[in-house]
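J.: Sharing a structure below in structure tokens format, with a few things to ask.
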Amino acid sequence: MTEHIKAWNSEYRSSIWKGHYSLDLPGSLCKGRLLDAGCGSGKYSIPLHMRGFDVTGVDVSPKALKMAAKGSVCRELNIEFLAADICHLPFPEASFDVVWCYGVLGHLLSDERELAISEFRRLLRSGGRLFLEVFGEEDMRYGGIEIEPNTFKRKNGIIYHYFNVNELKGLLRIFSCRITESKKEKRFDGHVYIRHMISVEARK
């Protein structure tokens with residue numbers, strides 16, 4: 001496992017789950033087997049399970065998985081959490097109806113992103129859906145020590161890649177997809193900054 005992936009284990013220090021995240025899913029999509037790829041502390045796994053999905057969460061951080069399992073057990077939810085790298089997932093082909101990958105793909109290098117997308121397609125059943133959310137190039141957090149185009153390493157060792165729509169279309173060329181951009185202004189100390197997020201709903 002590469003150093004920028006190992007670095008995530010030190011990021012998880014608190015076991016507090018702060019409640020449901022907003023899940024912008026089609027109303028008809030509320031059941032089936034779902035993989036939360038890069039589940040972290042369970043901030044999406046738990047509300048997705050509560051929406052009716054049979055959730056399996058995977059992450060590279062043992063600390064995060066411990067937090068996620070604790071959050072699941074205390075709510076009496078039956079969620080399976082496994083240690084795994086999303087570039088090499090331990091499941092047979094066509095295992096899932098949905099793959100959920102929010103805020104994860106941008107923490108990988110270029111070749112790793114290609115591997116992860118290939119794994120997602122392998123694991124999805126025919127007609128299955130992939131949901132992604134990533135940082136856009138205009139985001140206020142853009143910058144750092146550049147190690148690949150639009151990819152930066154921070155002091156903590158974690159990688160941040162910032163996407164544009166055309167890049168995502170190329171990366172997801174093996175899917176049929178709908179891409180949505182969100183640009184919101186944030187004000188800090190009298191200055192205006194942009195939060196640029198890109199969301200994808202793709203179908204195999």
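Chain labels run A, B, ... following the order of the structure tokens; each chain numbers its residues from 1, and ligands are numbered from 1 in the order shown.
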Residues within 9 Å of range 84-93 of chain A, please, as a PyMOL selection string. Count only C-alpha atoms; anything in the same chain fewer than 5 positions from it doesn't count.

T.: chain A and resi 1+5+37-38+58-61+112-125

J.: Write the residues of the preceding selection, restricted to N, CA and C atoms, as a PDB file, in the first residue's frame.

T.:
```
ATOM      1  N   MET A   1       0.846  -1.192   0.000  1.00  0.00           N
ATOM      2  CA  MET A   1       0.000   0.000   0.000  1.00  0.00           C
ATOM      3  C   MET A   1       0.883   1.245   0.000  1.00  0.00           C
ATOM      4  N   ILE A   5      -1.838   6.583   0.691  1.00  0.00           N
ATOM      5  CA  ILE A   5      -3.037   5.870   1.126  1.00  0.00           C
ATOM      6  C   ILE A   5      -2.930   5.509   2.609  1.00  0.00           C
ATOM      7  N   ALA A  37     -17.464   2.742  -1.205  1.00  0.00           N
ATOM      8  CA  ALA A  37     -16.049   2.588  -1.524  1.00  0.00           C
ATOM      9  C   ALA A  37     -15.247   3.736  -0.929  1.00  0.00           C
ATOM     10  N   GLY A  38     -14.536   3.460   0.160  1.00  0.00           N
ATOM     11  CA  GLY A  38     -13.857   4.505   0.919  1.00  0.00           C
ATOM     12  C   GLY A  38     -14.813   5.058   1.954  1.00  0.00           C
ATOM     13  N   VAL A  58     -16.008  -0.332   2.678  1.00  0.00           N
ATOM     14  CA  VAL A  58     -14.589  -0.687   2.662  1.00  0.00           C
ATOM     15  C   VAL A  58     -13.755   0.578   2.839  1.00  0.00           C
ATOM     16  N   ASP A  59     -12.624   0.416   3.519  1.00  0.00           N
ATOM     17  CA  ASP A  59     -11.713   1.540   3.710  1.00  0.00           C
ATOM     18  C   ASP A  59     -10.325   0.998   4.015  1.00  0.00           C
ATOM     19  N   VAL A  60      -9.300   1.832   3.802  1.00  0.00           N
ATOM     20  CA  VAL A  60      -7.920   1.418   4.069  1.00  0.00           C
ATOM     21  C   VAL A  60      -7.498   1.709   5.509  1.00  0.00           C
ATOM     22  N   SER A  61      -8.302   2.483   6.241  1.00  0.00           N
ATOM     23  CA  SER A  61      -7.920   2.907   7.579  1.00  0.00           C
ATOM     24  C   SER A  61      -8.563   2.032   8.655  1.00  0.00           C
ATOM     25  N   GLU A 112      -4.109   5.064 -10.299  1.00  0.00           N
ATOM     26  CA  GLU A 112      -4.989   4.484  -9.282  1.00  0.00           C
ATOM     27  C   GLU A 112      -6.451   4.816  -9.557  1.00  0.00           C
ATOM     28  N   ARG A 113      -6.703   6.018 -10.061  1.00  0.00           N
ATOM     29  CA  ARG A 113      -8.087   6.385 -10.393  1.00  0.00           C
ATOM     30  C   ARG A 113      -8.629   5.493 -11.504  1.00  0.00           C
ATOM     31  N   GLU A 114      -7.799   5.215 -12.498  1.00  0.00           N
ATOM     32  CA  GLU A 114      -8.212   4.313 -13.585  1.00  0.00           C
ATOM     33  C   GLU A 114      -8.514   2.913 -13.049  1.00  0.00           C
ATOM     34  N   LEU A 115      -7.660   2.421 -12.157  1.00  0.00           N
ATOM     35  CA  LEU A 115      -7.888   1.098 -11.567  1.00  0.00           C
ATOM     36  C   LEU A 115      -9.185   1.057 -10.775  1.00  0.00           C
ATOM     37  N   ALA A 116      -9.439   2.100  -9.991  1.00  0.00           N
ATOM     38  CA  ALA A 116     -10.650   2.134  -9.173  1.00  0.00           C
ATOM     39  C   ALA A 116     -11.901   2.127 -10.042  1.00  0.00           C
ATOM     40  N   ILE A 117     -11.923   2.928 -11.092  1.00  0.00           N
ATOM     41  CA  ILE A 117     -13.090   2.970 -11.972  1.00  0.00           C
ATOM     42  C   ILE A 117     -13.295   1.609 -12.650  1.00  0.00           C
ATOM     43  N   SER A 118     -12.208   0.969 -13.048  1.00  0.00           N
ATOM     44  CA  SER A 118     -12.305  -0.366 -13.649  1.00  0.00           C
ATOM     45  C   SER A 118     -12.875  -1.376 -12.652  1.00  0.00           C
ATOM     46  N   GLU A 119     -12.459  -1.265 -11.397  1.00  0.00           N
ATOM     47  CA  GLU A 119     -12.990  -2.150 -10.357  1.00  0.00           C
ATOM     48  C   GLU A 119     -14.483  -1.898 -10.132  1.00  0.00           C
ATOM     49  N   PHE A 120     -14.893  -0.648 -10.128  1.00  0.00           N
ATOM     50  CA  PHE A 120     -16.309  -0.339  -9.919  1.00  0.00           C
ATOM     51  C   PHE A 120     -17.162  -0.962 -11.019  1.00  0.00           C
ATOM     52  N   ARG A 121     -16.696  -0.846 -12.261  1.00  0.00           N
ATOM     53  CA  ARG A 121     -17.453  -1.442 -13.362  1.00  0.00           C
ATOM     54  C   ARG A 121     -17.503  -2.964 -13.223  1.00  0.00           C
ATOM     55  N   ARG A 122     -16.394  -3.564 -12.841  1.00  0.00           N
ATOM     56  CA  ARG A 122     -16.365  -5.017 -12.668  1.00  0.00           C
ATOM     57  C   ARG A 122     -17.363  -5.474 -11.615  1.00  0.00           C
ATOM     58  N   LEU A 123     -17.505  -4.709 -10.555  1.00  0.00           N
ATOM     59  CA  LEU A 123     -18.339  -5.126  -9.432  1.00  0.00           C
ATOM     60  C   LEU A 123     -19.820  -4.827  -9.621  1.00  0.00           C
ATOM     61  N   LEU A 124     -20.148  -3.921 -10.536  1.00  0.00           N
ATOM     62  CA  LEU A 124     -21.549  -3.569 -10.746  1.00  0.00           C
ATOM     63  C   LEU A 124     -22.258  -4.590 -11.621  1.00  0.00           C
ATOM     64  N   ARG A 125     -23.504  -4.873 -11.248  1.00  0.00           N
ATOM     65  CA  ARG A 125     -24.349  -5.712 -12.081  1.00  0.00           C
ATOM     66  C   ARG A 125     -24.810  -4.917 -13.292  1.00  0.00           C
TER      67      ARG A 125
END
```

J.: Could you pull out the helix (DSSP H, G or I) residues of range 25-79 of chain A from DSSP and send them as a ChimeraX atom specification?

T.: /A:45-50,62-74

J.: Write the selection just made, keeping C-alpha atoms, as a short mmCIF file (atom, residue, chain, number, x, y, z; two decimals), in the first residue's frame?

T.:
```cif
data_model
loop_
_atom_site.label_atom_id
_atom_site.label_comp_id
_atom_site.auth_asym_id
_atom_site.auth_seq_id
_atom_site.Cartn_x
_atom_site.Cartn_y
_atom_site.Cartn_z
CA SER A 45 -22.76 4.04 5.06
CA ILE A 46 -25.04 4.58 8.03
CA PRO A 47 -27.63 6.89 6.39
CA LEU A 48 -27.52 4.80 3.19
CA HIS A 49 -28.37 1.70 5.22
CA MET A 50 -31.14 3.64 6.92
CA PRO A 62 -8.35 0.51 10.53
CA LYS A 63 -9.22 3.48 12.76
CA ALA A 64 -11.97 4.60 10.39
CA LEU A 65 -13.41 1.08 10.15
CA LYS A 66 -13.47 0.76 13.93
CA MET A 67 -15.38 4.05 14.18
CA ALA A 68 -17.79 3.00 11.44
CA ALA A 69 -18.47 -0.36 13.09
CA LYS A 70 -19.07 1.33 16.44
CA GLY A 71 -21.53 3.75 14.87
CA SER A 72 -23.36 0.90 13.18
CA VAL A 73 -23.57 -1.31 16.27
CA CYS A 74 -24.82 1.46 18.56
#
```

J.: Quick one: which range 65-105 of chain A residues come within 10 Å of range 138-162 of chain A, and what is the nearest atom pair for each with the distance in Å to one decimal, counting only C-alpha atoms, rows ordered by chain and ascending number, as a Markdown table?

T.:
```
| residue | atom | partner | partner_atom | distance |
| --- | --- | --- | --- | --- |
| A:Gly103 | CA | A:Tyr160 | CA | 10.0 |
| A:Val104 | CA | A:Tyr160 | CA | 9.4 |
| A:Leu105 | CA | A:His161 | CA | 8.2 |
```

J.: Choose the residue, out of A:Arg178, A:Arg129, A:Lys204, A:His107, that has the smallest atom-to-atom separation from Phe163 in chain A; count only C-alpha atoms.

T.: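 Going through A:Arg178, A:Arg129, A:Lys204, A:His107 one by one, the smallest distance to Phe163 in chain A is for A:His107.
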